[in-house]
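This is data_21.csv. It holds CSV, C-alpha atoms.
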chain,number,residue,atom,x,y,z
A,25,MET,CA,61.0,3.6,14.2
A,26,SER,CA,60.1,3.2,17.8
A,27,ASN,CA,57.1,1.2,19.1
A,28,ILE,CA,55.4,4.3,20.2
A,29,GLN,CA,55.8,5.9,16.7
A,30,LEU,CA,54.3,2.7,15.1
A,31,VAL,CA,51.3,2.8,17.4
A,32,LEU,CA,50.7,6.5,16.7
A,33,GLN,CA,51.0,5.9,13.0
A,34,LYS,CA,48.5,3.0,13.1
A,35,ARG,CA,46.1,5.1,15.1
A,36,LYS,CA,46.5,7.9,12.6
A,37,ARG,CA,45.6,5.6,9.7
A,38,SER,CA,42.5,4.2,11.6
A,39,TRP,CA,41.0,7.7,12.3
A,40,PRO,CA,39.0,7.8,9.0
A,41,CYS,CA,37.4,4.4,9.9
A,42,ILE,CA,36.6,5.5,13.4
A,43,ALA,CA,35.1,8.8,12.1
A,44,LEU,CA,33.0,6.9,9.6
A,45,LEU,CA,31.8,4.5,12.3
A,46,LEU,CA,30.9,7.4,14.7
A,47,LEU,CA,29.1,9.1,11.8
A,48,LEU,CA,27.1,5.9,11.2
A,49,LEU,CA,26.2,5.7,14.8
A,50,HIS,CA,25.1,9.3,15.2
A,51,THR,CA,23.2,9.8,11.9
A,52,GLY,CA,20.6,7.1,12.7
A,53,CYS,CA,21.7,5.4,9.5
A,54,THR,CA,18.6,3.5,8.1
A,55,VAL,CA,17.3,2.8,4.6
A,56,GLN,CA,13.9,4.1,3.4
A,57,TYR,CA,12.2,2.2,0.6
A,58,VAL,CA,8.6,3.1,1.5
A,59,ALA,CA,7.2,6.6,1.8
A,60,ALA,CA,6.8,8.2,5.2
A,61,PHE,CA,3.6,7.6,7.0
A,62,ASP,CA,1.0,10.3,6.7
A,63,GLU,CA,-1.8,10.1,9.3
A,64,ASN,CA,-4.0,12.6,7.4
A,65,VAL,CA,-3.9,10.4,4.3
A,66,ARG,CA,-4.7,7.3,6.3
A,67,ASP,CA,-7.7,9.0,8.0
A,68,GLN,CA,-8.9,10.4,4.6
A,69,ILE,CA,-8.9,6.8,3.2
A,70,TYR,CA,-11.1,5.6,6.1
A,71,GLU,CA,-13.5,8.6,5.8
A,72,LEU,CA,-13.8,8.2,2.0
A,73,ALA,CA,-14.4,4.5,2.4
A,74,GLU,CA,-17.3,5.3,4.7
A,75,THR,CA,-18.7,8.0,2.4
A,76,VAL,CA,-18.6,5.8,-0.7
A,77,ASP,CA,-20.1,2.8,1.2
A,78,LYS,CA,-22.9,5.0,2.4
A,79,PHE,CA,-23.5,6.2,-1.2
A,80,TRP,CA,-24.0,2.6,-2.4
A,81,GLY,CA,-26.0,1.7,0.7
A,82,THR,CA,-28.4,4.6,0.1
A,83,MET,CA,-28.7,3.7,-3.6
A,84,LEU,CA,-29.5,0.1,-2.8
A,85,GLU,CA,-32.3,1.1,-0.4
A,86,MET,CA,-34.1,2.9,-3.3
A,87,PRO,CA,-36.2,0.9,-5.8
A,88,GLU,CA,-34.1,0.3,-9.0
A,89,ASP,CA,-36.5,2.3,-11.2
A,90,GLU,CA,-36.2,5.4,-9.0
A,91,ARG,CA,-32.4,5.7,-9.2
A,92,GLU,CA,-32.2,8.6,-11.6
A,93,TYR,CA,-28.8,10.1,-12.2
A,94,ALA,CA,-29.9,13.6,-11.2
A,95,LEU,CA,-30.6,12.4,-7.6
A,96,PHE,CA,-27.0,11.3,-7.2
A,97,ARG,CA,-25.2,14.0,-9.3
A,98,ASP,CA,-24.2,16.1,-6.3
A,99,GLN,CA,-22.8,13.2,-4.4
A,100,TYR,CA,-20.8,12.0,-7.4
A,101,VAL,CA,-19.2,15.4,-7.8
A,102,ASP,CA,-18.6,15.8,-4.0
A,103,ILE,CA,-16.9,12.4,-3.8
A,104,GLU,CA,-14.9,12.9,-7.0
A,105,THR,CA,-13.5,16.2,-5.5
A,106,LYS,CA,-12.4,14.3,-2.4
A,107,LEU,CA,-10.9,11.5,-4.5
A,108,ARG,CA,-8.9,14.1,-6.5
A,109,SER,CA,-7.7,15.6,-3.3
A,110,LEU,CA,-6.4,12.1,-2.2
A,111,VAL,CA,-4.7,11.7,-5.6
A,112,LEU,CA,-3.0,15.0,-5.1
A,113,LYS,CA,-1.8,14.3,-1.6
A,114,ASN,CA,-0.4,10.9,-2.6
A,115,GLU,CA,1.3,12.2,-5.7
A,116,ALA,CA,3.0,14.9,-3.6
A,117,ARG,CA,4.6,12.5,-1.2
A,118,PRO,CA,8.1,11.4,-2.2
A,119,GLY,CA,8.7,7.7,-2.8
A,120,ASN,CA,4.9,7.1,-2.8
A,121,GLU,CA,4.4,5.8,-6.4
A,122,GLU,CA,2.3,2.8,-5.4
A,123,SER,CA,-0.2,4.7,-3.4
A,124,ALA,CA,-0.4,7.5,-6.0
A,125,GLU,CA,-1.3,4.9,-8.6
A,126,GLN,CA,-3.8,3.2,-6.3
A,127,SER,CA,-5.6,6.5,-5.8
A,128,ARG,CA,-5.6,7.2,-9.6
A,129,ILE,CA,-7.2,3.8,-10.2
A,130,LEU,CA,-9.8,4.6,-7.4
A,131,LEU,CA,-10.6,7.8,-9.1
A,132,GLU,CA,-10.9,6.1,-12.5
A,133,LEU,CA,-13.4,3.6,-11.1
A,134,TRP,CA,-15.5,6.3,-9.5
A,135,ILE,CA,-15.6,8.4,-12.7
A,136,GLU,CA,-16.6,5.3,-14.7
A,137,ASP,CA,-19.5,4.7,-12.3
A,138,LYS,CA,-20.6,8.3,-12.7
A,139,ASP,CA,-20.5,7.8,-16.5
A,140,ILE,CA,-22.4,4.5,-16.4
A,141,HIS,CA,-25.1,6.1,-14.2
A,142,ARG,CA,-25.4,9.2,-16.4
A,143,GLU,CA,-25.7,7.1,-19.5
A,144,LEU,CA,-28.2,4.5,-18.2
A,145,ASP,CA,-30.0,7.0,-15.9
A,146,SER,CA,-30.3,3.9,-13.6
A,147,PHE,CA,-28.1,1.4,-11.7
A,148,ASN,CA,-29.2,-2.2,-11.2
A,149,ASN,CA,-28.7,-4.1,-7.9
A,150,PHE,CA,-26.3,-6.6,-9.5
A,151,LEU,CA,-23.9,-3.8,-10.5
A,152,ALA,CA,-24.4,-1.6,-7.4
A,153,ASN,CA,-23.6,-4.6,-5.1
A,154,ARG,CA,-20.5,-5.5,-7.1
A,155,HIS,CA,-19.2,-2.0,-7.3
A,156,ARG,CA,-19.8,-1.4,-3.6
A,157,ARG,CA,-17.7,-4.5,-2.9
A,158,GLN,CA,-15.0,-3.4,-5.4
A,159,PHE,CA,-14.6,0.0,-3.6
A,160,THR,CA,-14.4,-1.8,-0.3
A,161,GLU,CA,-11.6,-4.0,-1.7
A,162,VAL,CA,-9.7,-1.0,-3.1
A,163,PHE,CA,-10.0,1.1,0.1
A,164,THR,CA,-8.9,-2.0,2.2
A,165,ALA,CA,-5.9,-2.5,0.0
A,166,MET,CA,-5.0,1.2,0.2
A,167,ALA,CA,-5.4,1.2,4.0
A,168,ARG,CA,-3.2,-1.9,4.3
A,169,ALA,CA,-0.5,-0.1,2.3
A,170,GLU,CA,-0.7,2.9,4.7
A,171,GLU,CA,-0.6,0.5,7.7
A,172,GLU,CA,2.7,-0.9,6.3
A,173,LYS,CA,4.1,2.7,6.2
A,174,ARG,CA,2.9,3.3,9.8
A,175,MET,CA,4.7,0.2,11.0
A,176,GLU,CA,7.9,1.5,9.5
A,177,ASN,CA,7.6,4.8,11.4
A,178,LEU,CA,7.0,3.3,14.9
B,23,MET,CA,35.3,-6.6,17.0
B,24,ASP,CA,34.5,-10.1,15.8
B,25,PHE,CA,33.4,-9.4,12.2
B,26,LYS,CA,32.5,-13.0,11.5
B,27,ASN,CA,30.0,-13.1,14.3
B,28,VAL,CA,28.7,-9.6,13.6
B,29,LEU,CA,28.1,-10.6,9.9
B,30,GLN,CA,26.3,-13.8,11.0
B,31,ASP,CA,24.1,-11.8,13.4
B,32,MET,CA,23.3,-9.2,10.8
B,33,GLY,CA,22.3,-12.0,8.4
B,34,ASN,CA,20.1,-13.7,11.1
B,35,ALA,CA,18.4,-10.4,11.9
B,36,ALA,CA,17.6,-9.7,8.3
B,37,LEU,CA,16.4,-13.3,7.6
B,38,GLY,CA,14.2,-13.2,10.8
B,39,GLU,CA,12.4,-10.1,9.5
B,40,LEU,CA,12.0,-11.5,6.0
B,41,SER,CA,10.6,-14.8,7.1
B,42,GLU,CA,8.2,-13.1,9.5
B,43,ASN,CA,6.8,-10.9,6.7
B,44,GLY,CA,7.0,-13.5,4.0
B,45,GLY,CA,4.1,-15.5,5.5
B,46,GLU,CA,2.0,-12.3,5.9
B,47,ILE,CA,2.5,-11.4,2.2
B,48,ALA,CA,1.7,-15.0,1.1
B,49,ASN,CA,-1.6,-14.9,3.1
B,50,TYR,CA,-2.5,-11.6,1.6
B,51,VAL,CA,-1.9,-12.9,-1.9
B,52,LYS,CA,-3.9,-16.1,-1.2
B,53,GLN,CA,-6.8,-14.1,0.3
B,54,SER,CA,-6.8,-11.7,-2.7
B,55,LEU,CA,-6.9,-14.5,-5.2
B,56,GLU,CA,-9.8,-16.2,-3.4
B,57,GLU,CA,-11.7,-13.0,-3.4
B,58,LYS,CA,-11.1,-12.6,-7.2
B,59,LYS,CA,-12.2,-16.1,-7.9
B,60,ALA,CA,-15.5,-15.6,-6.0
B,61,SER,CA,-16.1,-12.3,-7.7
B,62,LEU,CA,-15.5,-13.7,-11.2
B,63,GLN,CA,-17.8,-16.7,-10.5
B,64,GLU,CA,-20.5,-14.2,-9.5
B,65,LEU,CA,-19.9,-12.1,-12.6
B,66,TYR,CA,-20.3,-15.1,-14.9
B,67,GLY,CA,-23.5,-16.0,-13.0
B,68,GLY,CA,-24.8,-12.5,-13.4
B,69,TYR,CA,-24.1,-12.6,-17.1
B,70,LYS,CA,-25.8,-15.9,-17.5
B,71,ALA,CA,-28.8,-14.6,-15.6
B,72,GLY,CA,-29.0,-11.5,-17.8
B,73,HIS,CA,-28.1,-8.9,-15.2
B,74,ILE,CA,-25.4,-7.6,-17.6
B,75,ASP,CA,-24.9,-7.8,-21.4
B,76,GLU,CA,-21.7,-8.7,-23.2
B,77,ALA,CA,-20.3,-5.1,-23.2
B,78,GLY,CA,-21.1,-4.9,-19.4
B,79,LEU,CA,-19.3,-8.2,-18.9
B,80,GLU,CA,-16.2,-6.9,-20.7
B,81,ARG,CA,-16.3,-3.6,-18.7
B,82,GLU,CA,-16.6,-5.6,-15.4
B,83,LEU,CA,-13.6,-7.8,-16.3
B,84,LYS,CA,-11.6,-4.6,-16.8
B,85,ARG,CA,-12.7,-3.3,-13.5
B,86,GLU,CA,-11.7,-6.5,-11.8
B,87,LEU,CA,-8.3,-6.2,-13.3
B,88,LYS,CA,-8.0,-2.7,-11.9
B,89,VAL,CA,-9.0,-3.8,-8.4
B,90,MET,CA,-6.4,-6.6,-8.7
B,91,GLU,CA,-3.8,-4.0,-9.7
B,92,VAL,CA,-4.5,-2.0,-6.6
B,93,LYS,CA,-3.9,-5.1,-4.5
B,94,LEU,CA,-0.7,-5.9,-6.3
B,95,LEU,CA,0.5,-2.4,-5.5
B,96,THR,CA,-0.2,-3.1,-1.9
B,97,ILE,CA,1.9,-6.2,-2.1
B,98,THR,CA,4.7,-4.2,-3.6
B,99,VAL,CA,4.5,-1.8,-0.6
B,100,MET,CA,4.5,-4.8,1.7
B,101,LYS,CA,7.6,-6.3,0.0
B,102,LYS,CA,9.4,-3.0,0.1
B,103,ALA,CA,8.6,-2.5,3.8
B,104,ALA,CA,9.8,-6.1,4.5
B,105,ALA,CA,13.1,-5.4,2.7
B,106,GLN,CA,13.4,-2.1,4.7
B,107,ARG,CA,12.9,-3.8,8.0
B,108,ALA,CA,15.4,-6.5,7.1
B,109,VAL,CA,18.1,-4.1,6.0
B,110,ASN,CA,17.5,-1.9,9.1
B,111,ALA,CA,17.6,-4.8,11.4
B,112,ALA,CA,21.0,-5.8,10.0
B,113,VAL,CA,22.2,-2.2,10.3
B,114,ASP,CA,21.1,-2.1,13.9
B,115,VAL,CA,23.1,-5.2,14.7
B,116,PHE,CA,26.1,-3.6,13.1
B,117,LYS,CA,25.7,-0.4,15.0
B,118,ASN,CA,25.3,-2.2,18.3
B,119,ALA,CA,28.4,-4.2,17.6
B,120,VAL,CA,30.4,-1.0,16.8
B,121,SER,CA,29.1,0.8,19.9
B,122,ALA,CA,30.2,-2.2,22.0
B,123,ALA,CA,33.6,-2.3,20.4
B,124,LEU,CA,34.4,1.4,20.8
B,125,PRO,CA,36.4,2.4,23.8
Starting from the file, give its structure as structure tokens.
Amino acid sequence: MSNIQLVLQKRKRSWPCIALLLLLLHTGCTVQYVAAFDENVRDQIYELAETVDKFWGTMLEMPEDEREYALFRDQYVDIETKLRSLVLKNEARPGNEESAEQSRILLELWIEDKDIHRELDSFNNFLANRHRRQFTEVFTAMARAEEEKRMENL
Amino acid sequence: MDFKNVLQDMGNAALGELSENGGEIANYVKQSLEEKKASLQELYGGYKAGHIDEAGLERELKRELKVMEVKLLTITVMKKAAAQRAVNAAVDVFKNAVSAALP
């Protein structure tokens, strides 16, 4: 076999490797362990954090003995609806199990507060302050998770 | 293409990303634990002062666990993102080496 034939044979054998490398270079080969960033969800978290914080702030401004459940019922329902919407959006995103679970926990905490308030027909300052802070912690953690996804999509 | 050097560069790129994010994750864990410690101390104080009864204390402890779970889920996302950055940094090094080696 001549030298030229040997070179051609070697090149023929290396074509699959070269094709694979070219494919790797042109498909933008990257791994994806976290869900894609969703700007609307991130904004919804910030808006809900503000709404929920205002809810507690308004409650804390009222004297404890005037905090009847009926005065807050509409706000509970309105916020619950928005939280359910957040759960839905997070559950619908592929690879987003952590944020979906976070939003389900957030909803659980909110429903528990609604039930406590309905049952006691009041809400003392100690609990209102604690729960206000708990929601801030939860929203901050959720926003932080979204920020990690945003960084991955820069 | 010098595979030995390429592999070394890929490892360095991945480790660089992991060490950068490792400190950030550790700080977040530390901050979360400090917040929980303060919160539990306040809870015990509230119970002793009569702001909540025993059933309320139990319910509050369960809520604190749920809040902590949310934070742990964020840590999971941070770890996954760090791993993603590390692997992609290594892949980028490889892609650049292949691009440079191709005629």
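For the pair CA of Leu62 in chain B and CA of Arg85 in chain B, the interatomic distance is 11.0 Å.
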Original post:
Quick one: distance from CA of Arg97 in chain A to CA of Asn148 in chain A in Å, one decimal?
Top reply: 16.8 Å
Per residue of chain B within 7 Å of chain A, note the shortest atom pair and the distance in Å to one decimal, counting only C-alpha atoms, and order the rows by chain and increasing residue number, as a Markdown table.
| residue | atom | partner | partner_atom | distance |
| --- | --- | --- | --- | --- |
| B:His73 | CA | A:Phe150 | CA | 6.4 |
| B:Lys88 | CA | A:Ile129 | CA | 6.8 |
| B:Val89 | CA | A:Val162 | CA | 6.0 |
| B:Val92 | CA | A:Gln126 | CA | 5.3 |
| B:Lys93 | CA | A:Ala165 | CA | 5.6 |
| B:Leu95 | CA | A:Glu122 | CA | 5.5 |
| B:Thr96 | CA | A:Ala169 | CA | 5.2 |
| B:Val99 | CA | A:Ala169 | CA | 6.0 |
| B:Met100 | CA | A:Glu172 | CA | 6.3 |
| B:Lys102 | CA | A:Tyr57 | CA | 5.9 |
| B:Ala103 | CA | A:Val58 | CA | 6.1 |
| B:Gln106 | CA | A:Tyr57 | CA | 6.1 |
| B:Asn110 | CA | A:Thr54 | CA | 5.6 |
| B:Lys117 | CA | A:Leu49 | CA | 6.1 |
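Take the candidates B:Leu40, B:Ile97, B:Met32, B:Ala104 and check each one against Phe116 in chain B using all atoms listed in the file; the shortest distance goes to B:Met32.
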What lies within 12 Å of Asn27 in chain B using only C-alpha atoms, ignoring chain neighbours under 6 positions off, as a PDB file with C-alpha atoms, in the frame of the given file?
ATOM      1  CA  GLY B  33      22.300 -12.000   8.400  1.00  0.00           C
ATOM      2  CA  ASN B  34      20.100 -13.700  11.100  1.00  0.00           C
ATOM      3  CA  VAL B 115      23.100  -5.200  14.700  1.00  0.00           C
ATOM      4  CA  PHE B 116      26.100  -3.600  13.100  1.00  0.00           C
ATOM      5  CA  ALA B 119      28.400  -4.200  17.600  1.00  0.00           C
TER       6      ALA B 119
END
**OP:** Using all atoms listed in the file, pick whichever of A:Tyr93, A:Arg117, A:Val76, A:Leu84 has the shortest atom-to-atom distance to Trp134 in chain A.
**Re:** A:Val76
**OP:** Could you give me, as JSON, numbers by chain, the residues that have an atom at most 12 Å away from the point (-12.7, 13.9, 0.1) in the coordinates of the file, using only C-alpha atoms?
**Re:** {"A": [64, 65, 67, 68, 69, 70, 71, 72, 73, 74, 75, 76, 99, 100, 101, 102, 103, 104, 105, 106, 107, 108, 109, 110, 111, 112, 113, 127, 131]}
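From CA of Val51 in chain B back to CA of Ala111 in chain B, the distance works out to 25.0 Å.
Between Tyr69 in chain B and the residues B:Glu57, B:Glu39, B:Glu82, B:Asp114, the shortest atom-to-atom distance, using all atoms listed in the file, involves B:Glu82.
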Please fill the gaps in range 77-104 of chain A so it has N, CA and C atoms, and write that as a PDB file, keeping the file's coordinate frame.
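As a result, out09.pdb now contains:
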ATOM      1  N   ASP A  77     -19.222   3.933   0.781  1.00  0.00           N
ATOM      2  CA  ASP A  77     -20.100   2.800   1.200  1.00  0.00           C
ATOM      3  C   ASP A  77     -21.503   3.291   1.459  1.00  0.00           C
ATOM      4  N   LYS A  78     -21.608   4.443   2.092  1.00  0.00           N
ATOM      5  CA  LYS A  78     -22.900   5.000   2.400  1.00  0.00           C
ATOM      6  C   LYS A  78     -23.661   5.365   1.090  1.00  0.00           C
ATOM      7  N   PHE A  79     -22.892   5.848   0.116  1.00  0.00           N
ATOM      8  CA  PHE A  79     -23.500   6.200  -1.200  1.00  0.00           C
ATOM      9  C   PHE A  79     -24.171   4.959  -1.791  1.00  0.00           C
ATOM     10  N   TRP A  80     -23.441   3.840  -1.814  1.00  0.00           N
ATOM     11  CA  TRP A  80     -24.000   2.600  -2.400  1.00  0.00           C
ATOM     12  C   TRP A  80     -25.165   2.092  -1.540  1.00  0.00           C
ATOM     13  N   GLY A  81     -25.000   2.172  -0.231  1.00  0.00           N
ATOM     14  CA  GLY A  81     -26.000   1.700   0.700  1.00  0.00           C
ATOM     15  C   GLY A  81     -27.342   2.466   0.471  1.00  0.00           C
ATOM     16  N   THR A  82     -27.222   3.789   0.307  1.00  0.00           N
ATOM     17  CA  THR A  82     -28.400   4.600   0.100  1.00  0.00           C
ATOM     18  C   THR A  82     -29.052   4.267  -1.252  1.00  0.00           C
ATOM     19  N   MET A  83     -28.204   4.071  -2.268  1.00  0.00           N
ATOM     20  CA  MET A  83     -28.700   3.700  -3.600  1.00  0.00           C
ATOM     21  C   MET A  83     -29.486   2.384  -3.533  1.00  0.00           C
ATOM     22  N   LEU A  84     -28.897   1.411  -2.851  1.00  0.00           N
ATOM     23  CA  LEU A  84     -29.500   0.100  -2.800  1.00  0.00           C
ATOM     24  C   LEU A  84     -30.822   0.066  -2.021  1.00  0.00           C
ATOM     25  N   GLU A  85     -31.012   1.054  -1.168  1.00  0.00           N
ATOM     26  CA  GLU A  85     -32.300   1.100  -0.400  1.00  0.00           C
ATOM     27  C   GLU A  85     -33.423   1.644  -1.288  1.00  0.00           C
ATOM     28  N   MET A  86     -33.062   2.317  -2.403  1.00  0.00           N
ATOM     29  CA  MET A  86     -34.100   2.900  -3.300  1.00  0.00           C
ATOM     30  C   MET A  86     -34.523   1.792  -4.307  1.00  0.00           C
ATOM     31  N   PRO A  87     -35.787   1.813  -4.737  1.00  0.00           N
ATOM     32  CA  PRO A  87     -36.200   0.900  -5.800  1.00  0.00           C
ATOM     33  C   PRO A  87     -35.370   1.184  -7.070  1.00  0.00           C
ATOM     34  N   GLU A  88     -35.017   0.145  -7.812  1.00  0.00           N
ATOM     35  CA  GLU A  88     -34.100   0.300  -9.000  1.00  0.00           C
ATOM     36  C   GLU A  88     -34.656   1.348  -9.981  1.00  0.00           C
ATOM     37  N   ASP A  89     -36.000   1.364 -10.196  1.00  0.00           N
ATOM     38  CA  ASP A  89     -36.500   2.300 -11.200  1.00  0.00           C
ATOM     39  C   ASP A  89     -36.610   3.737 -10.744  1.00  0.00           C
ATOM     40  N   GLU A  90     -36.201   4.005  -9.522  1.00  0.00           N
ATOM     41  CA  GLU A  90     -36.200   5.400  -9.000  1.00  0.00           C
ATOM     42  C   GLU A  90     -34.797   5.987  -8.932  1.00  0.00           C
ATOM     43  N   ARG A  91     -33.804   5.251  -9.357  1.00  0.00           N
ATOM     44  CA  ARG A  91     -32.400   5.700  -9.200  1.00  0.00           C
ATOM     45  C   ARG A  91     -31.942   6.583 -10.347  1.00  0.00           C
ATOM     46  N   GLU A  92     -32.611   7.710 -10.503  1.00  0.00           N
ATOM     47  CA  GLU A  92     -32.200   8.600 -11.600  1.00  0.00           C
ATOM     48  C   GLU A  92     -30.873   9.255 -11.272  1.00  0.00           C
ATOM     49  N   TYR A  93     -30.098   9.486 -12.330  1.00  0.00           N
ATOM     50  CA  TYR A  93     -28.800  10.100 -12.200  1.00  0.00           C
ATOM     51  C   TYR A  93     -28.815  11.410 -11.422  1.00  0.00           C
ATOM     52  N   ALA A  94     -29.810  12.231 -11.766  1.00  0.00           N
ATOM     53  CA  ALA A  94     -29.900  13.600 -11.200  1.00  0.00           C
ATOM     54  C   ALA A  94     -29.959  13.560  -9.667  1.00  0.00           C
ATOM     55  N   LEU A  95     -30.533  12.503  -9.108  1.00  0.00           N
ATOM     56  CA  LEU A  95     -30.600  12.400  -7.600  1.00  0.00           C
ATOM     57  C   LEU A  95     -29.273  12.179  -6.986  1.00  0.00           C
ATOM     58  N   PHE A  96     -28.327  11.670  -7.763  1.00  0.00           N
ATOM     59  CA  PHE A  96     -27.000  11.300  -7.200  1.00  0.00           C
ATOM     60  C   PHE A  96     -25.888  12.240  -7.686  1.00  0.00           C
ATOM     61  N   ARG A  97     -26.221  13.133  -8.629  1.00  0.00           N
ATOM     62  CA  ARG A  97     -25.200  14.000  -9.300  1.00  0.00           C
ATOM     63  C   ARG A  97     -24.304  14.703  -8.257  1.00  0.00           C
ATOM     64  N   ASP A  98     -24.938  15.353  -7.297  1.00  0.00           N
ATOM     65  CA  ASP A  98     -24.200  16.100  -6.300  1.00  0.00           C
ATOM     66  C   ASP A  98     -23.206  15.263  -5.521  1.00  0.00           C
ATOM     67  N   GLN A  99     -23.682  14.084  -5.159  1.00  0.00           N
ATOM     68  CA  GLN A  99     -22.800  13.200  -4.400  1.00  0.00           C
ATOM     69  C   GLN A  99     -21.635  12.687  -5.236  1.00  0.00           C
ATOM     70  N   TYR A 100     -21.912  12.421  -6.533  1.00  0.00           N
ATOM     71  CA  TYR A 100     -20.800  12.000  -7.400  1.00  0.00           C
ATOM     72  C   TYR A 100     -19.733  13.094  -7.478  1.00  0.00           C
ATOM     73  N   VAL A 101     -20.187  14.325  -7.641  1.00  0.00           N
ATOM     74  CA  VAL A 101     -19.200  15.400  -7.800  1.00  0.00           C
ATOM     75  C   VAL A 101     -18.473  15.644  -6.456  1.00  0.00           C
ATOM     76  N   ASP A 102     -19.199  15.602  -5.357  1.00  0.00           N
ATOM     77  CA  ASP A 102     -18.600  15.800  -4.000  1.00  0.00           C
ATOM     78  C   ASP A 102     -17.512  14.728  -3.759  1.00  0.00           C
ATOM     79  N   ILE A 103     -17.864  13.488  -4.027  1.00  0.00           N
ATOM     80  CA  ILE A 103     -16.900  12.400  -3.800  1.00  0.00           C
ATOM     81  C   ILE A 103     -15.738  12.465  -4.751  1.00  0.00           C
ATOM     82  N   GLU A 104     -16.023  12.812  -6.007  1.00  0.00           N
ATOM     83  CA  GLU A 104     -14.900  12.900  -7.000  1.00  0.00           C
ATOM     84  C   GLU A 104     -13.921  13.987  -6.545  1.00  0.00           C
TER      85      GLU A 104
END
